[in-house]
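Pasting run-v9.cif here (mmCIF, C-alpha atoms):
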```cif
data_start
loop_
_atom_site.label_atom_id
_atom_site.label_comp_id
_atom_site.auth_asym_id
_atom_site.auth_seq_id
_atom_site.Cartn_x
_atom_site.Cartn_y
_atom_site.Cartn_z
CA MET B 1 14.74 36.46 6.26
CA LEU B 2 12.36 36.33 3.30
CA THR B 3 15.29 36.34 0.88
CA GLY B 4 16.89 33.42 2.68
CA ALA B 5 13.65 31.46 2.73
CA GLN B 6 13.13 32.10 -0.96
CA ALA B 7 16.66 30.89 -1.70
CA LEU B 8 15.96 27.66 0.19
CA ALA B 9 12.72 27.18 -1.74
CA ALA B 10 14.55 27.80 -5.01
CA LEU B 11 17.15 25.21 -4.03
CA ALA B 12 14.46 22.65 -3.24
CA VAL B 13 12.79 23.27 -6.60
CA GLY B 14 16.11 23.04 -8.41
CA VAL B 15 16.95 19.70 -6.80
CA ARG B 16 13.53 18.29 -7.65
CA LEU B 17 13.58 19.50 -11.24
CA ALA B 18 17.08 18.08 -11.70
CA ARG B 19 15.64 14.60 -11.14
CA GLY B 20 13.93 14.95 -14.50
CA ARG B 21 17.23 14.27 -16.25
CA ARG B 22 17.15 10.71 -14.92
CA ARG B 23 13.43 10.02 -15.00
CA LEU B 24 12.14 6.78 -16.46
CA PRO B 25 10.96 6.77 -20.08
CA PRO B 26 7.24 7.01 -20.85
CA LEU B 27 5.24 3.85 -21.32
CA ALA B 28 5.13 2.67 -24.90
CA PRO B 29 2.90 0.10 -26.65
CA GLY B 30 4.38 -3.19 -27.70
CA GLY B 31 6.43 -5.65 -25.73
CA PRO B 32 5.53 -9.31 -25.08
CA ASP B 33 2.06 -10.64 -25.71
CA VAL B 34 -0.22 -10.26 -22.72
CA THR B 35 -1.04 -13.69 -21.33
CA ALA B 36 -2.39 -12.72 -17.91
CA PRO B 37 -6.13 -11.97 -17.99
CA ILE B 38 -6.83 -8.29 -17.34
CA SER B 39 -9.93 -7.00 -15.58
CA VAL B 40 -10.73 -3.31 -15.91
CA VAL B 41 -12.78 -1.85 -13.06
CA ILE B 42 -14.47 1.53 -13.56
CA PRO B 43 -16.22 3.19 -10.59
CA ALA B 44 -19.07 5.36 -11.81
CA ARG B 45 -21.56 7.68 -10.14
CA ASP B 46 -23.72 9.78 -12.46
CA GLU B 47 -21.26 9.42 -15.35
CA GLU B 48 -23.73 8.90 -18.21
CA ALA B 49 -22.44 11.98 -20.02
CA ARG B 50 -18.76 10.93 -19.87
CA ILE B 51 -18.39 7.17 -19.63
CA GLY B 52 -19.20 6.32 -23.25
CA PRO B 53 -15.78 7.08 -24.83
CA CYS B 54 -14.02 5.35 -21.93
CA LEU B 55 -15.99 2.12 -22.34
CA THR B 56 -15.81 2.12 -26.12
CA ALA B 57 -12.02 2.26 -26.03
CA VAL B 58 -11.57 -0.31 -23.26
CA LEU B 59 -14.03 -2.84 -24.71
CA ALA B 60 -12.25 -2.67 -28.07
CA ASP B 61 -8.87 -3.62 -26.58
CA PRO B 62 -8.11 -7.34 -27.15
CA ALA B 63 -5.85 -7.45 -24.08
CA VAL B 64 -8.82 -6.87 -21.75
CA ALA B 65 -10.68 -9.96 -20.55
CA GLU B 66 -13.53 -8.20 -18.76
CA VAL B 67 -14.79 -4.69 -18.08
CA ILE B 68 -16.65 -4.09 -14.82
CA VAL B 69 -18.56 -0.88 -14.17
CA VAL B 70 -19.55 -0.42 -10.55
CA ASP B 71 -22.62 1.79 -10.59
CA ASP B 72 -22.37 3.75 -7.35
CA GLU B 73 -26.08 4.50 -6.84
CA SER B 74 -26.27 6.73 -9.93
CA SER B 75 -29.37 8.81 -10.48
CA ASP B 76 -28.90 8.93 -14.26
CA GLY B 77 -28.54 6.31 -16.99
CA THR B 78 -24.96 5.30 -16.24
CA ALA B 79 -25.76 1.63 -15.62
CA ARG B 80 -28.07 1.37 -18.61
CA LEU B 81 -25.49 2.86 -20.98
CA ALA B 82 -22.65 0.71 -19.63
CA ALA B 83 -24.70 -2.46 -20.04
CA ALA B 84 -25.76 -1.47 -23.56
CA LEU B 85 -22.14 -0.99 -24.58
CA GLY B 86 -21.21 -4.46 -23.30
CA ALA B 87 -19.70 -3.91 -19.85
CA THR B 88 -20.54 -6.02 -16.81
CA VAL B 89 -22.47 -3.74 -14.50
CA VAL B 90 -22.24 -4.29 -10.74
CA ARG B 91 -25.04 -2.67 -8.80
CA GLY B 92 -23.25 -0.84 -6.01
CA ARG B 93 -24.49 -1.45 -2.51
CA PRO B 94 -25.41 1.47 -0.20
CA LEU B 95 -22.40 3.31 1.13
CA PRO B 96 -21.36 2.07 4.60
CA ALA B 97 -20.42 4.54 7.30
CA GLY B 98 -16.78 5.58 7.18
CA TRP B 99 -16.30 4.92 3.47
CA VAL B 100 -15.75 7.40 0.65
CA GLY B 101 -17.76 6.43 -2.41
CA LYS B 102 -14.92 5.76 -4.84
CA GLN B 103 -13.08 3.38 -2.52
CA TRP B 104 -16.33 1.53 -1.80
CA ALA B 105 -16.99 1.15 -5.53
CA LEU B 106 -13.43 -0.05 -6.21
CA HIS B 107 -13.62 -2.46 -3.29
CA GLN B 108 -16.77 -4.04 -4.76
CA GLY B 109 -15.29 -4.13 -8.25
CA LEU B 110 -12.14 -5.84 -7.02
CA LEU B 111 -14.19 -8.55 -5.31
CA ARG B 112 -16.04 -9.19 -8.56
CA ALA B 113 -12.98 -9.14 -10.85
CA ARG B 114 -11.55 -12.43 -12.13
CA GLY B 115 -8.39 -11.33 -13.95
CA ALA B 116 -4.92 -11.88 -12.52
CA ILE B 117 -4.23 -8.20 -13.30
CA VAL B 118 -6.68 -5.45 -12.37
CA VAL B 119 -6.61 -1.98 -13.91
CA THR B 120 -8.83 0.70 -12.44
CA LEU B 121 -9.90 3.60 -14.64
CA ASP B 122 -11.91 6.72 -14.01
CA ALA B 123 -14.93 7.25 -16.24
CA ASP B 124 -13.36 10.35 -17.82
CA ALA B 125 -10.26 8.43 -18.96
CA ARG B 126 -9.78 7.37 -22.57
CA SER B 127 -7.31 4.56 -23.17
CA LEU B 128 -5.40 4.39 -26.42
CA PRO B 129 -4.26 1.15 -28.10
CA GLY B 130 -1.42 -0.50 -26.22
CA LEU B 131 -2.11 0.93 -22.77
CA PHE B 132 -3.00 -2.32 -21.03
CA GLY B 133 -0.08 -4.28 -22.44
CA ALA B 134 2.24 -1.47 -21.38
CA LEU B 135 0.79 -1.56 -17.86
CA VAL B 136 1.43 -5.30 -17.61
CA THR B 137 5.02 -4.72 -18.70
CA ALA B 138 5.38 -1.93 -16.14
CA LEU B 139 4.24 -4.32 -13.39
CA GLU B 140 7.30 -6.47 -13.98
CA GLY B 141 9.41 -5.60 -10.95
CA ARG B 142 6.64 -3.47 -9.42
CA ASP B 143 3.57 -4.15 -7.33
CA LEU B 144 1.46 -1.05 -7.98
CA VAL B 145 1.65 1.20 -11.02
CA SER B 146 -0.13 4.48 -11.59
CA VAL B 147 0.36 6.63 -14.64
CA GLY B 148 0.09 10.23 -15.72
CA PRO B 149 -2.07 10.90 -18.82
CA ARG B 150 -2.33 13.67 -21.31
CA PHE B 151 -5.02 16.08 -20.22
CA VAL B 152 -7.81 17.38 -22.42
CA CYS B 153 -8.69 21.03 -21.73
CA ASP B 154 -11.36 22.72 -23.78
CA GLY B 155 -10.29 26.35 -23.53
CA THR B 156 -7.38 28.67 -22.85
CA ALA B 157 -8.54 29.64 -19.36
CA GLU B 158 -9.15 26.03 -18.32
CA GLN B 159 -5.76 24.94 -19.66
CA ALA B 160 -3.94 27.86 -18.03
CA LEU B 161 -5.37 27.17 -14.58
CA HIS B 162 -4.90 23.42 -14.95
CA ALA B 163 -1.25 23.85 -15.98
CA SER B 164 -0.63 26.17 -13.04
CA PHE B 165 -1.98 23.54 -10.64
CA LEU B 166 0.05 20.86 -12.39
CA ALA B 167 3.23 22.92 -11.99
CA THR B 168 2.74 22.97 -8.22
CA LEU B 169 2.89 19.17 -8.16
CA VAL B 170 6.22 19.24 -10.00
CA TYR B 171 7.59 21.90 -7.64
CA ARG B 172 6.59 19.83 -4.60
CA PHE B 173 7.40 16.30 -5.78
CA GLY B 174 9.50 16.52 -8.91
CA PRO B 175 8.70 15.26 -12.43
CA ILE B 176 6.76 12.09 -13.09
CA GLY B 177 8.71 8.84 -13.40
CA PRO B 178 11.42 9.23 -10.75
CA ALA B 179 14.28 6.78 -11.26
CA THR B 180 14.69 6.39 -7.50
CA PRO B 181 11.49 5.77 -5.52
CA PRO B 182 10.81 8.48 -2.93
CA PRO B 183 10.25 7.59 0.74
CA PRO B 184 6.72 6.29 1.40
CA HIS B 185 5.50 9.56 2.95
CA ARG B 186 6.38 11.44 -0.28
CA VAL B 187 5.01 8.93 -2.78
CA VAL B 188 2.40 10.29 -5.18
CA ALA B 189 0.03 8.47 -7.49
CA ASN B 190 -2.75 9.15 -9.95
CA GLY B 191 -5.97 7.31 -9.20
CA GLN B 192 -7.30 7.89 -12.71
CA CYS B 193 -5.41 4.75 -13.71
CA LEU B 194 -3.96 2.12 -11.37
CA ALA B 195 -2.66 -1.39 -12.13
CA PHE B 196 -1.90 -4.18 -9.69
CA ARG B 197 -2.16 -7.93 -9.15
CA ARG B 198 -5.58 -8.92 -7.94
CA GLU B 199 -4.54 -11.49 -5.33
CA ALA B 200 -1.96 -9.18 -3.75
CA MET B 201 -4.48 -6.34 -3.44
CA LEU B 202 -7.09 -8.67 -1.97
CA ARG B 203 -4.65 -9.76 0.70
CA ALA B 204 -3.61 -6.18 1.41
CA ASP B 205 -7.28 -5.09 1.57
CA GLY B 206 -6.00 -1.78 0.24
CA PHE B 207 -9.23 0.03 -0.59
CA ALA B 208 -10.73 -0.76 2.81
CA ARG B 209 -7.64 0.49 4.61
CA VAL B 210 -7.91 3.93 2.98
CA ARG B 211 -11.70 3.95 2.94
CA GLY B 212 -12.09 7.37 4.59
CA HIS B 213 -9.65 9.36 2.47
CA MET B 214 -10.66 11.91 -0.13
CA THR B 215 -7.11 11.74 -1.56
CA ASP B 216 -7.57 8.02 -2.00
CA ASP B 217 -4.93 7.40 -4.67
CA VAL B 218 -2.02 8.91 -2.73
CA ALA B 219 -3.28 7.37 0.52
CA LEU B 220 -3.30 3.92 -1.09
CA ALA B 221 0.14 4.31 -2.68
CA ARG B 222 1.74 5.58 0.54
CA LEU B 223 0.14 2.89 2.67
CA LEU B 224 1.32 0.10 0.37
CA ALA B 225 4.78 1.61 -0.13
CA ALA B 226 5.20 1.69 3.65
CA ARG B 227 4.28 -2.02 3.70
CA GLY B 228 7.02 -2.92 1.23
CA TRP B 229 5.23 -2.63 -2.10
CA VAL B 230 7.25 -1.36 -5.03
CA VAL B 231 5.18 1.56 -6.32
CA GLY B 232 5.76 3.18 -9.70
CA PHE B 233 4.38 6.46 -11.03
CA LEU B 234 5.07 6.58 -14.77
CA ASP B 235 4.30 8.74 -17.78
CA ALA B 236 1.65 7.25 -20.07
CA GLY B 237 0.82 10.41 -21.97
CA GLY B 238 0.97 8.64 -25.33
CA LEU B 239 -1.46 5.93 -24.22
CA LEU B 240 -4.04 7.64 -22.00
CA GLU B 241 -6.05 10.84 -22.16
CA VAL B 242 -8.26 12.29 -19.43
CA ASP B 243 -10.91 15.00 -19.77
CA MET B 244 -11.18 15.92 -16.09
CA HIS B 245 -13.11 19.16 -16.04
CA GLU B 246 -15.69 21.13 -17.95
CA SER B 247 -14.36 24.64 -17.35
CA ALA B 248 -11.80 26.74 -15.51
CA THR B 249 -14.33 27.15 -12.70
CA ASP B 250 -14.56 23.39 -12.41
CA VAL B 251 -10.75 23.12 -12.26
CA TRP B 252 -10.64 25.72 -9.49
CA ARG B 253 -13.39 24.10 -7.46
CA GLN B 254 -12.63 20.40 -7.93
CA TRP B 255 -8.91 19.92 -8.59
CA GLY B 256 -7.96 22.75 -6.28
CA ARG B 257 -9.64 21.02 -3.34
CA SER B 258 -7.55 17.84 -3.60
CA LEU B 259 -4.08 19.01 -4.66
CA PRO B 260 -2.90 20.01 -1.15
CA LEU B 261 -3.13 16.29 -0.20
CA SER B 262 -4.12 17.50 3.25
CA ASP B 263 -5.58 14.23 4.51
CA VAL B 264 -2.44 12.22 3.68
CA THR B 265 0.30 14.74 4.54
CA ARG B 266 1.61 15.78 7.94
CA PRO B 267 1.11 19.46 8.83
CA ALA B 268 4.85 20.19 8.72
CA TRP B 269 5.11 18.89 5.16
CA GLN B 270 1.96 20.76 4.16
CA ALA B 271 3.54 23.99 5.41
CA ALA B 272 6.82 23.25 3.64
CA ASP B 273 5.05 22.46 0.36
CA LEU B 274 2.97 25.63 0.54
CA ALA B 275 6.10 27.66 1.29
CA VAL B 276 7.76 26.32 -1.85
CA VAL B 277 4.75 27.22 -3.99
CA TRP B 278 4.48 30.74 -2.54
CA LEU B 279 8.20 31.57 -2.52
CA ALA B 280 9.32 29.91 -5.75
CA ALA B 281 6.24 30.38 -7.95
CA ALA B 282 3.80 33.02 -6.66
CA LEU B 283 6.13 35.65 -5.13
CA PRO B 284 8.34 36.09 -8.22
CA VAL B 285 5.28 36.76 -10.40
CA LEU B 286 3.84 39.22 -7.88
CA ARG B 287 7.12 41.12 -7.64
CA LEU B 288 7.51 41.15 -11.40
CA ALA B 289 3.99 42.54 -11.79
CA ALA B 290 4.82 45.23 -9.22
CA GLY B 291 7.97 46.17 -11.14
CA ARG B 292 10.30 45.23 -8.26
CA PRO B 293 11.73 41.78 -9.04
CA THR B 294 15.03 40.67 -7.59
CA ARG B 295 17.57 38.69 -9.58
CA LEU B 296 16.36 35.54 -7.87
CA ASP B 297 12.78 36.40 -8.83
CA LEU B 298 13.79 36.76 -12.48
CA ALA B 299 15.66 33.47 -12.36
CA LEU B 300 12.66 31.70 -10.84
CA VAL B 301 10.31 33.16 -13.46
CA ALA B 302 12.69 31.87 -16.16
CA VAL B 303 12.68 28.42 -14.58
CA ARG B 304 8.89 28.46 -14.42
CA LEU B 305 8.67 29.40 -18.10
CA LEU B 306 10.97 26.50 -18.97
CA LEU B 307 8.73 24.21 -16.95
CA ALA B 308 5.69 25.52 -18.84
CA GLY B 309 7.43 24.49 -22.06
CA ALA B 310 8.01 21.00 -20.70
CA LEU B 311 4.41 20.74 -19.51
CA ARG B 312 3.11 21.17 -23.04
CA ARG B 313 3.69 17.43 -23.49
CA SER B 314 1.15 16.81 -20.73
CA TYR B 315 -1.73 18.11 -22.85
CA ALA B 316 -3.49 16.51 -25.77
CA ARG B 317 -3.88 19.88 -27.50
CA PRO B 318 -1.41 22.32 -25.92
CA GLY B 319 -2.26 25.95 -26.53
CA PRO B 320 -1.33 29.39 -25.22
CA GLY B 321 -2.89 28.51 -21.87
CA VAL B 322 0.17 26.47 -20.88
CA ALA B 323 2.48 29.48 -21.21
CA LEU B 324 -0.06 31.82 -19.63
CA SER B 325 -0.27 29.51 -16.62
CA VAL B 326 2.73 31.29 -15.10
CA LEU B 327 0.58 34.38 -14.54
CA LEU B 328 -1.93 32.35 -12.52
CA ASP B 329 0.58 30.98 -10.02
CA PRO B 330 -0.35 33.53 -7.31
CA ALA B 331 -4.04 32.59 -7.64
CA THR B 332 -3.10 28.91 -7.51
CA ALA B 333 -1.10 29.49 -4.31
CA VAL B 334 -4.16 31.15 -2.77
CA ARG B 335 -6.37 28.21 -3.76
CA LEU B 336 -3.98 25.65 -2.31
CA SER B 337 -3.72 27.64 0.90
CA LEU B 338 -7.49 27.86 1.30
CA ALA B 339 -7.91 24.14 0.60
CA THR B 340 -5.19 23.33 3.13
CA LEU B 341 -6.73 25.46 5.86
CA ARG B 342 -10.31 24.39 5.12
CA PRO B 343 -10.29 20.94 3.49
CA VAL B 344 -13.41 20.11 1.49
CA ARG B 345 -15.04 16.78 2.34
CA THR B 346 -17.93 16.92 -0.11
CA TRP B 347 -18.10 15.08 -3.43
CA ARG B 348 -21.04 14.19 -5.68
CA ASP B 349 -23.70 15.21 -3.17
CA ARG B 350 -22.04 13.28 -0.35
CA THR B 351 -20.34 14.77 2.70
CA TYR B 352 -17.74 12.72 4.55
CA PRO B 353 -16.30 13.07 8.06
CA ARG B 354 -12.85 14.56 8.37
CA VAL B 355 -9.75 12.37 8.41
CA PRO B 356 -7.08 13.52 10.91
CA PRO B 357 -4.20 15.44 9.29
CA GLY B 358 -1.25 13.33 8.33
CA GLY B 359 -3.03 10.45 6.74
CA ALA B 360 -4.32 8.19 9.49
CA VAL B 361 -5.55 5.25 7.46
CA ALA B 362 -8.22 2.73 8.21
CA SER B 363 -6.93 -0.59 9.45
CA ALA B 364 -9.89 -2.80 8.80
CA ALA B 365 -13.04 -3.16 6.79
CA PRO B 366 -16.31 -2.31 8.50
CA ALA B 367 -17.90 -4.92 10.66
CA GLY B 368 -20.34 -7.22 8.99
CA ALA B 369 -20.64 -10.75 7.74
CA SER B 370 -20.53 -10.04 4.03
CA HIS B 371 -21.01 -7.52 1.25
CA GLU B 372 -23.39 -8.36 -1.53
CA VAL B 373 -21.75 -7.50 -4.83
CA GLY B 374 -24.11 -7.59 -7.77
CA ASP B 375 -25.59 -11.08 -7.80
CA ALA B 376 -22.76 -12.63 -5.79
CA VAL B 377 -22.13 -12.58 -2.08
CA ALA B 378 -18.48 -11.96 -1.29
CA PRO B 379 -17.04 -12.45 2.19
CA GLU B 380 -15.64 -9.49 4.07
CA SER B 381 -12.12 -8.68 3.00
CA PRO B 382 -9.53 -9.86 5.51
CA THR B 383 -7.55 -7.63 7.78
CA ALA B 384 -4.69 -10.10 7.91
CA THR B 385 -1.23 -8.60 7.88
CA GLU B 386 0.42 -7.93 4.54
CA ALA B 387 4.09 -7.15 4.80
CA ALA B 388 4.65 -7.26 1.06
CA PRO B 389 2.76 -8.53 -1.97
CA SER B 390 3.55 -11.95 -3.28
CA GLN B 391 3.76 -13.21 -6.80
CA PRO B 392 2.68 -14.41 -9.37
CA HIS B 393 4.02 -11.56 -11.42
CA ALA B 394 2.33 -10.13 -14.47
CA GLY B 395 2.55 -12.42 -17.43
CA THR B 396 1.62 -15.64 -15.66
CA ASN B 397 -1.30 -17.48 -17.13
CA ALA B 398 -2.81 -18.91 -13.96
CA ALA B 399 -6.51 -19.50 -14.21
CA ALA B 400 -8.64 -17.16 -12.14
CA PRO B 401 -11.46 -18.52 -9.97
CA GLU B 402 -15.01 -18.05 -11.16
CA ALA B 403 -15.89 -15.73 -8.29
CA PRO B 404 -13.22 -14.02 -6.17
CA THR B 405 -13.45 -15.21 -2.61
CA VAL B 406 -11.21 -13.72 0.05
CA THR B 407 -10.77 -15.62 3.26
CA SER B 408 -8.41 -15.38 6.16
CA ALA B 409 -8.01 -19.14 6.50
CA ALA B 410 -4.84 -19.42 4.45
CA PRO B 411 -1.88 -17.13 5.11
CA PRO B 412 -0.39 -15.21 2.17
CA GLU B 413 2.52 -16.79 0.38
CA PRO B 414 5.91 -15.35 1.27
CA PRO B 415 7.00 -12.61 -1.10
CA VAL B 416 9.35 -13.49 -3.93
CA ARG B 417 11.66 -10.63 -4.68
CA SER B 418 14.01 -10.29 -7.59
CA ALA B 419 17.44 -8.74 -7.19
CA GLY B 420 17.40 -5.02 -6.74
CA ARG B 421 13.77 -4.78 -5.64
#
```

Go through the file and emit its structure as structure tokens.
Amino acid sequence: MLTGAQALAALAVGVRLARGRRRLPPLAPGGPDVTAPISVVIPARDEEARIGPCLTAVLADPAVAEVIVVDDESSDGTARLAAALGATVVRGRPLPAGWVGKQWALHQGLLRARGAIVVTLDADARSLPGLFGALVTALEGRDLVSVGPRFVCDGTAEQALHASFLATLVYRFGPIGPATPPPPHRVVANGQCLAFRREAMLRADGFARVRGHMTDDVALARLLAARGWVVGFLDAGGLLEVDMHESATDVWRQWGRSLPLSDVTRPAWQAADLAVVWLAAALPVLRLAAGRPTRLDLALVAVRLLLAGALRRSYARPGPGVALSVLLDPATAVRLSLATLRPVRTWRDRTYPRVPPGGAVASAAPAGASHEVGDAVAPESPTATEAAPSQPHAGTNAAAPEAPTVTSAAPPEPPVRSAGR
């Protein structure tokens, strides 16, 4: 029975890896001049030590019209540093019940943004010249774009564990940039960098609808894909770098808690994904170490080594840790299993209530007349229906209002779809 199950897991991995032959090309700088104003929103909580390089790069990009840092009740000098560097700092309001901090910060930043295009960035991301123009180009024919960066790892152990975790994502979902969009319940996204049209996201009230999720990026992408949005997950390794963690211990504790996607994935799919990781990645290494590998085990180890070679392009400074990551696959399988069975709901000194398995998403913003955002008072985001986003598309030069106001008085415009969308 185990042999048969392993063969099925190997088949699933083979089919997913084969999609890489048709994956979309990485984002590249260049293309038409950016005419739509771009707002960059950066949520930040106690990021004084990391946000400097992010802001320096974004503020230097001529394609960016404004940079908004939402200071999520930081206890350090995050707001002071951001203001000194030239960003617009929004003083985050106290966290309402039912919200996770990042979604609350992004919600406030979106209300304050004035650009037709909004790009959200994590504070540990470092944009390279051409990123924002490439994101605008990628939005042509899409409604939400997230991208995969090159990762910065400071040591062999950190890189090895990180690459092992990264390999599990490929085994479960296939390579980045699929030519054919997956069904909504299998969509993945990277919340370190998202791009979308401001008006469409305001109408969708996306951040409020996934306000309780720890896996906020995937929750948002799956929710919007189910509502008809065209969601793209593309490779931007040549235009974006992210320094996520400080050590291998940090990778184990922080990234390992979120990778199972337990609050956005049904239990049956969680079990199937874990089975693939155990049977196709961990078991072959364990049997090889015990000196009793089968032919299928040897074939799967060979496939995993080939994947390690391909994953070198995902790192800013690839080293021996990428190849050594194969040896850590059993430990990674254990970590994913523990995080699946006992999901962690704590982040940055905040503990959040549990979201039911399978990704039940919020359907409305919390009750209340308004949210004060910085010095402005913005009305509550609407909970009006949003079947699909409407245009204008990226590249339009429509003037943005001075202060974004979202009301439910006017219905959204009907979506305009191009052929093939």

Run the PyMOL selection byres ((chain B and resi 58) around 12) against the file shown and list the residues it catches, as a PyMOL selection string.
chain B and resi 38-42+51-57+59-69+82+85-87+119-123+125-132+239-240

Calculated over only C-alpha atoms, which of the candidates B:Ala282, B:Val136, B:Thr340, B:Ala157 has the smallest distance to Pro267 of chain B?
B:Thr340

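Between atom CA of Pro330 of chain B and atom CA of Ala268 of chain B the separation is 21.5 Å.
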
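Between Ala49 of chain B and the residues B:Asp124, B:Glu241, B:Asp273, B:Asp263, the shortest atom-to-atom distance, using all atoms listed in the file, involves B:Asp124.
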
Evaluate the PyMOL selection byres ((chain B and resi 292-302) around 10) on the structure here and hand back the selected residues as a PyMOL selection string.
chain B and resi 3+6-7+10+13-14+279-291+303-308+326-327

Quick one: write out the picked residues with C-alpha atoms as a PDB file, keeping the file's coordinate frame?
```pdb
ATOM      1  CA  THR B   3      15.290  36.340   0.880  1.00  0.00           C
ATOM      2  CA  GLN B   6      13.130  32.100  -0.960  1.00  0.00           C
ATOM      3  CA  ALA B   7      16.660  30.890  -1.700  1.00  0.00           C
ATOM      4  CA  ALA B  10      14.550  27.800  -5.010  1.00  0.00           C
ATOM      5  CA  VAL B  13      12.790  23.270  -6.600  1.00  0.00           C
ATOM      6  CA  GLY B  14      16.110  23.040  -8.410  1.00  0.00           C
ATOM      7  CA  LEU B 279       8.200  31.570  -2.520  1.00  0.00           C
ATOM      8  CA  ALA B 280       9.320  29.910  -5.750  1.00  0.00           C
ATOM      9  CA  ALA B 281       6.240  30.380  -7.950  1.00  0.00           C
ATOM     10  CA  ALA B 282       3.800  33.020  -6.660  1.00  0.00           C
ATOM     11  CA  LEU B 283       6.130  35.650  -5.130  1.00  0.00           C
ATOM     12  CA  PRO B 284       8.340  36.090  -8.220  1.00  0.00           C
ATOM     13  CA  VAL B 285       5.280  36.760 -10.400  1.00  0.00           C
ATOM     14  CA  LEU B 286       3.840  39.220  -7.880  1.00  0.00           C
ATOM     15  CA  ARG B 287       7.120  41.120  -7.640  1.00  0.00           C
ATOM     16  CA  LEU B 288       7.510  41.150 -11.400  1.00  0.00           C
ATOM     17  CA  ALA B 289       3.990  42.540 -11.790  1.00  0.00           C
ATOM     18  CA  ALA B 290       4.820  45.230  -9.220  1.00  0.00           C
ATOM     19  CA  GLY B 291       7.970  46.170 -11.140  1.00  0.00           C
ATOM     20  CA  VAL B 303      12.680  28.420 -14.580  1.00  0.00           C
ATOM     21  CA  ARG B 304       8.890  28.460 -14.420  1.00  0.00           C
ATOM     22  CA  LEU B 305       8.670  29.400 -18.100  1.00  0.00           C
ATOM     23  CA  LEU B 306      10.970  26.500 -18.970  1.00  0.00           C
ATOM     24  CA  LEU B 307       8.730  24.210 -16.950  1.00  0.00           C
ATOM     25  CA  ALA B 308       5.690  25.520 -18.840  1.00  0.00           C
ATOM     26  CA  VAL B 326       2.730  31.290 -15.100  1.00  0.00           C
ATOM     27  CA  LEU B 327       0.580  34.380 -14.540  1.00  0.00           C
TER      28      LEU B 327
END
```
